[in-house]
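Trainee: Please read through the structure below; I'll follow up with questions.
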Amino acid sequence: MSLKNHSIIIFSQMQFDGRLESTNYTMAKHLAKHNIVYYVDRPYTWRDYIQFRNTPGFRTRKPHFFSAGNCLIETEIPNLKIVITPPVPSINMLPEGKLYRLAVKFNEFIVGKRLKKLIKNHQIKDYIFINSYNFSYPLLHQQLKPALTVYHCVDPIIEPYQTKHGLISEDILVKSVDMVISTSKELSNKKVALNKNSFFVPNAANISHSLKALDADLAIAPILNGIPKRVIGYFGAIERRIDYNLVRELLKLNPDKSFVFIGPIDSYYLNADDFKEPNIYLKGAVPYEQMPAVLKGFDVAIIPFKKDEVSNHIFPLKLFEYLGSGKPVVSTNFNSDLADFTNGTVSFCETAEEFSAALDKALLDNTELRQKRLEVAADNTWEHRVIEIENLLETNLNKKNLR
């Protein structure tokens with residue numbers, strides 16, 4: 001059993017043209033192989049409209065902001081359409097309370113009005129509505145009357161700008177939908193207390209993309225030019241999850257290695273001059289398309305996440321992307337569930353000393369170990385995960401129809 005030939009509206013927290021590939025958009029692309037998917041881009045706020053008006057992203061969206069009849073952007077996937085909604089008021093600065101909740105309803109009305117016109121104009125019937133981590137609009141789905149409502153929870157809510165209203169909003173959302181899908185066991189365990197129809201489907205990798213790193217003809221990304229070999233690399237956002245104290249210890253313990261971080265830097269957590277060590281390289285972000293060329297230049301790929309009260313909620317996409325490139329992987333033991341999915345191919349470490357020893361061992365890599373990593377990655381592809389999601393959607397849709 002697998003979901004086919006359905007219409008699915010995905011209302012996402014992540015923009016379709018973000019600098020890094022997201023779980024939300026990746027899921028949409030795979031669901032669009034057998035279904036018609038309308039990916040509703042995160043609504044611009046009035047503040048975004050002013051702040052980003054000179055950016056390529058703004059120019060892409062501008063023709064679609066105020067035209068319900070021209071709100072779609074076509075993609076390279078025939079069944080995947082991007083939906084642009086009108087800008088909404090910026091309300092996060094409001095204190096939690098009645099005024100904020102009224103403002104939420106107003107924003108939901110603006111977005112809902114656009115989606116209702118889309119649904120009418122394109123005669124979308126019996127559709128599934130998935131709120132993909134956009135908890136700022138907790139009851140939007142109640143305006144639309146879909147055949148099945150789903151909340152897709154991809155991360156814990158921990159950033160200050162999220163927790164201000166997000167914890168309350170997400171609880172409202174979880175309680176109001178037909179089913180919940182979470183990307184970690186810990187998240188799923190917490191959601192089931194609010195909605196018994198909760199399921200765990202972990203993140204996965206786009207193996208076809210990662211495998212390009214094995215192509216002998218692929219050139220290493222120019223961003224790695226001039227960096228001394230024995231490259232220990234990280235690919236992804238450089239933000240709250242990183243254990244910066246651990247990284248500092250690793251730099252001191254491994255002066256013979258180059259630690260390279262490729263990804264956007266969140267200045268709230270890190271400034272460019274925070275590290276003085278000569279063996280660290282903060283190179284900024286590159287397009288996701290360049291990921292294989294970047295990974296090809298790594299000798300070892302790392303996930304130096306901190307272990308804290310929310311780390312067991314995190315099931316990182318990059319883990320299987322790394323494995324799918326064939327590279328050895330060393331990680332902190334931030335989420336104990338990950339060992340169940342990696343079959344001994346990843347070193348999970350407690351201390352900087354353990355991490356350093358694992359790096360030295362990983363540098364002694366061989367073909368047999370690489371093949372084992374590729375096999376693990378092949379068992380954790382988006383093709384596998386989306387089949388799980390499709391089956392859950394189909395099962396719950398049928399259950400609801402039988403009530």
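Residue numbers start at 1 in each chain; chains themselves are named A, B, ... in the order of the structure tokens; ligands are numbered from 1 in the order shown.
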For the structure I just gave you, how does DSSP split region 198-293 of chain A - specifically, which residues are helix (DSSP H, G or I)? Reply as a ChimeraX atom specification.

Mentor: /A:207-214,222-224,244-253,288-293

Trainee: List as a ChimeraX atom specification the protein and nucleic acid residues near Ser132 (chain A), meaning an atom at most 12 Å away when only C-alpha atoms are counted, but skip any in the same chain fewer than 6 places from it.

Mentor: /A:8-15,22-28,39-42,138,141,149-155,170,173-174,180-183

Trainee: Given the selection you just returned, output its residues as a file containing N, CA and C atoms, formatted as an mmCIF file, in the first residue's frame.

Mentor:
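The result, stored in selection25.cif:
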data_model
loop_
_atom_site.group_PDB
_atom_site.id
_atom_site.type_symbol
_atom_site.label_atom_id
_atom_site.label_comp_id
_atom_site.auth_asym_id
_atom_site.auth_seq_id
_atom_site.Cartn_x
_atom_site.Cartn_y
_atom_site.Cartn_z
ATOM 1 N N ILE A 8 -1.714 16.983 -2.250
ATOM 2 C CA ILE A 8 -1.155 17.235 -0.924
ATOM 3 C C ILE A 8 -0.728 18.701 -0.859
ATOM 4 N N ILE A 9 -1.205 19.395 0.160
ATOM 5 C CA ILE A 9 -0.758 20.765 0.418
ATOM 6 C C ILE A 9 0.182 20.724 1.612
ATOM 7 N N ILE A 10 1.435 21.162 1.408
ATOM 8 C CA ILE A 10 2.422 21.187 2.482
ATOM 9 C C ILE A 10 2.694 22.645 2.837
ATOM 10 N N PHE A 11 2.311 23.012 4.033
ATOM 11 C CA PHE A 11 2.538 24.378 4.528
ATOM 12 C C PHE A 11 3.797 24.351 5.376
ATOM 13 N N SER A 12 4.878 24.923 4.862
ATOM 14 C CA SER A 12 6.198 24.681 5.441
ATOM 15 C C SER A 12 6.792 25.894 6.157
ATOM 16 N N GLN A 13 7.596 25.583 7.148
ATOM 17 C CA GLN A 13 8.404 26.603 7.810
ATOM 18 C C GLN A 13 9.622 26.972 6.964
ATOM 19 N N MET A 14 10.059 26.069 6.087
ATOM 20 C CA MET A 14 11.272 26.271 5.306
ATOM 21 C C MET A 14 10.941 26.793 3.906
ATOM 22 N N GLN A 15 11.732 27.732 3.452
ATOM 23 C CA GLN A 15 11.551 28.266 2.111
ATOM 24 C C GLN A 15 12.083 27.283 1.081
ATOM 25 N N SER A 22 16.448 21.160 2.987
ATOM 26 C CA SER A 22 15.692 20.948 4.218
ATOM 27 C C SER A 22 14.907 19.647 4.157
ATOM 28 N N THR A 23 14.643 19.087 5.330
ATOM 29 C CA THR A 23 13.787 17.909 5.427
ATOM 30 C C THR A 23 12.435 18.187 4.792
ATOM 31 N N ASN A 24 11.882 19.375 5.045
ATOM 32 C CA ASN A 24 10.547 19.734 4.583
ATOM 33 C C ASN A 24 10.442 19.686 3.063
ATOM 34 N N TYR A 25 11.388 20.363 2.391
ATOM 35 C CA TYR A 25 11.316 20.447 0.934
ATOM 36 C C TYR A 25 11.712 19.122 0.278
ATOM 37 N N THR A 26 12.647 18.418 0.893
ATOM 38 C CA THR A 26 13.034 17.108 0.359
ATOM 39 C C THR A 26 11.849 16.155 0.386
ATOM 40 N N MET A 27 11.118 16.131 1.506
ATOM 41 C CA MET A 27 9.921 15.297 1.587
ATOM 42 C C MET A 27 8.926 15.662 0.496
ATOM 43 N N ALA A 28 8.737 16.961 0.275
ATOM 44 C CA ALA A 28 7.792 17.415 -0.748
ATOM 45 C C ALA A 28 8.180 16.892 -2.129
ATOM 46 N N TYR A 39 3.524 23.097 -2.443
ATOM 47 C CA TYR A 39 4.414 23.442 -1.332
ATOM 48 C C TYR A 39 4.244 24.919 -1.029
ATOM 49 N N VAL A 40 3.586 25.211 0.086
ATOM 50 C CA VAL A 40 3.318 26.598 0.454
ATOM 51 C C VAL A 40 4.551 27.162 1.150
ATOM 52 N N ASP A 41 5.222 28.061 0.468
ATOM 53 C CA ASP A 41 6.439 28.676 0.987
ATOM 54 C C ASP A 41 6.129 29.472 2.252
ATOM 55 N N ARG A 42 7.066 29.480 3.207
ATOM 56 C CA ARG A 42 6.846 30.252 4.424
ATOM 57 C C ARG A 42 6.464 31.686 4.083
ATOM 58 N N PRO A 138 -1.090 27.665 13.903
ATOM 59 C CA PRO A 138 -1.506 26.370 14.448
ATOM 60 C C PRO A 138 -2.872 25.873 13.995
ATOM 61 N N HIS A 141 -5.282 24.987 9.219
ATOM 62 C CA HIS A 141 -5.948 23.866 8.544
ATOM 63 C C HIS A 141 -7.454 23.842 8.794
ATOM 64 N N THR A 149 -5.478 15.936 8.164
ATOM 65 C CA THR A 149 -4.560 16.971 8.642
ATOM 66 C C THR A 149 -3.400 16.320 9.374
ATOM 67 N N VAL A 150 -2.197 16.831 9.101
ATOM 68 C CA VAL A 150 -0.972 16.228 9.616
ATOM 69 C C VAL A 150 -0.040 17.324 10.114
ATOM 70 N N TYR A 151 0.615 17.072 11.231
ATOM 71 C CA TYR A 151 1.712 17.943 11.657
ATOM 72 C C TYR A 151 3.015 17.168 11.510
ATOM 73 N N HIS A 152 3.952 17.748 10.786
ATOM 74 C CA HIS A 152 5.265 17.132 10.573
ATOM 75 C C HIS A 152 6.271 17.882 11.434
ATOM 76 N N CYS A 153 6.706 17.258 12.522
ATOM 77 C CA CYS A 153 7.592 17.895 13.495
ATOM 78 C C CYS A 153 9.036 17.476 13.218
ATOM 79 N N VAL A 154 9.872 18.419 12.806
ATOM 80 C CA VAL A 154 11.224 18.077 12.375
ATOM 81 C C VAL A 154 12.306 18.475 13.373
ATOM 82 N N ASP A 155 11.935 19.225 14.413
ATOM 83 C CA ASP A 155 12.941 19.705 15.373
ATOM 84 C C ASP A 155 12.252 20.086 16.680
ATOM 85 N N GLU A 170 2.547 25.193 19.177
ATOM 86 C CA GLU A 170 2.738 23.814 18.726
ATOM 87 C C GLU A 170 1.811 22.863 19.469
ATOM 88 N N LEU A 173 -1.486 23.071 17.850
ATOM 89 C CA LEU A 173 -1.434 22.404 16.552
ATOM 90 C C LEU A 173 -1.482 20.885 16.698
ATOM 91 N N VAL A 174 -0.637 20.343 17.577
ATOM 92 C CA VAL A 174 -0.561 18.883 17.757
ATOM 93 C C VAL A 174 -1.907 18.307 18.178
ATOM 94 N N VAL A 180 0.351 12.988 13.736
ATOM 95 C CA VAL A 180 1.627 13.682 13.875
ATOM 96 C C VAL A 180 2.740 12.746 13.424
ATOM 97 N N ILE A 181 3.669 13.290 12.644
ATOM 98 C CA ILE A 181 4.876 12.553 12.260
ATOM 99 C C ILE A 181 6.074 13.336 12.778
ATOM 100 N N SER A 182 6.945 12.671 13.553
ATOM 101 C CA SER A 182 8.128 13.324 14.116
ATOM 102 C C SER A 182 9.390 12.642 13.616
ATOM 103 N N THR A 183 10.486 13.422 13.544
ATOM 104 C CA THR A 183 11.731 12.899 12.975
ATOM 105 C C THR A 183 12.690 12.331 14.014
#

Trainee: Could you work out how far CA of Leu148 (chain A) lies from CA of Val83 (chain A), giving the answer in Å with one decimal?

Mentor: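 If I compute the distance from CA of Val83 (chain A) to CA of Leu148 (chain A), I get 19.5 Å.
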
Trainee: Given only C-alpha atoms as the basis, pick out the residue of A:Glu186, A:Asp126, A:Asp340, A:Asp274 nearest to His6 (chain A).

Mentor: A:Asp126

Trainee: Hey, which of A:Thr85, A:Asn131, A:Thr395, A:Ser325 ends up closest to Lys116 (chain A)? Count only C-alpha atoms.

Mentor: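 Of A:Thr85, A:Asn131, A:Thr395, A:Ser325, the one nearest Lys116 (chain A) is A:Thr85, counting only C-alpha atoms.
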
Trainee: Write down as an MDAnalysis selection string the residues belonging to region 87-264 of chain A that are assigned strand (DSSP E) by DSSP computed on the backbone.

Mentor: chainID A and resid 128:132 148:153 179:182 198:200 231:235 258:262

Trainee: With C-alpha atoms retained, could you export that selection as a PDB file, in the first residue's frame?

Mentor:
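And here is the file that came out, part-v7.pdb:
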ATOM      1  CA  ILE A 128      -4.121  16.062   2.535  1.00  0.00           C
ATOM      2  CA  PHE A 129      -2.857  19.073   4.469  1.00  0.00           C
ATOM      3  CA  ILE A 130       0.591  18.762   6.084  1.00  0.00           C
ATOM      4  CA  ASN A 131       1.811  21.512   8.371  1.00  0.00           C
ATOM      5  CA  SER A 132       5.549  20.943   8.112  1.00  0.00           C
ATOM      6  CA  LEU A 148      -6.595  14.585   6.475  1.00  0.00           C
ATOM      7  CA  THR A 149      -4.560  16.971   8.642  1.00  0.00           C
ATOM      8  CA  VAL A 150      -0.972  16.228   9.616  1.00  0.00           C
ATOM      9  CA  TYR A 151       1.712  17.943  11.657  1.00  0.00           C
ATOM     10  CA  HIS A 152       5.265  17.132  10.573  1.00  0.00           C
ATOM     11  CA  CYS A 153       7.592  17.895  13.495  1.00  0.00           C
ATOM     12  CA  MET A 179      -1.944  12.669  13.046  1.00  0.00           C
ATOM     13  CA  VAL A 180       1.627  13.682  13.875  1.00  0.00           C
ATOM     14  CA  ILE A 181       4.876  12.553  12.260  1.00  0.00           C
ATOM     15  CA  SER A 182       8.128  13.324  14.116  1.00  0.00           C
ATOM     16  CA  SER A 198       1.783  10.029  16.589  1.00  0.00           C
ATOM     17  CA  PHE A 199       4.497   8.284  14.588  1.00  0.00           C
ATOM     18  CA  PHE A 200       8.292   8.297  14.295  1.00  0.00           C
ATOM     19  CA  VAL A 231      40.731  17.637   6.324  1.00  0.00           C
ATOM     20  CA  ILE A 232      38.172  17.105   9.073  1.00  0.00           C
ATOM     21  CA  GLY A 233      34.964  18.534   7.678  1.00  0.00           C
ATOM     22  CA  TYR A 234      31.508  19.644   8.726  1.00  0.00           C
ATOM     23  CA  PHE A 235      28.784  20.529   6.209  1.00  0.00           C
ATOM     24  CA  SER A 258      42.510  21.044   9.324  1.00  0.00           C
ATOM     25  CA  PHE A 259      39.000  21.522  10.700  1.00  0.00           C
ATOM     26  CA  VAL A 260      36.753  22.946   7.987  1.00  0.00           C
ATOM     27  CA  PHE A 261      33.205  24.162   8.577  1.00  0.00           C
ATOM     28  CA  ILE A 262      31.124  24.742   5.450  1.00  0.00           C
TER      29      ILE A 262
END

Trainee: Got a sec: who's within 12 Å of Gly344 (chain A), counting only C-alpha atoms, leaving out chain neighbours fewer than 5 positions off, as a list in words?

Mentor: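 In the requested format, the answer is Leu323, Pro328, Val329, Val330, Leu338, Ala339, Leu369, Lys372, Arg373, Glu375 and Val376 of chain A.
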
Trainee: Would you mind telling me which residue in A:Val192, A:Ile91, A:Val177, A:Ala357 lies nearest to Leu139 (chain A) when using only C-alpha atoms?

Mentor: A:Val177
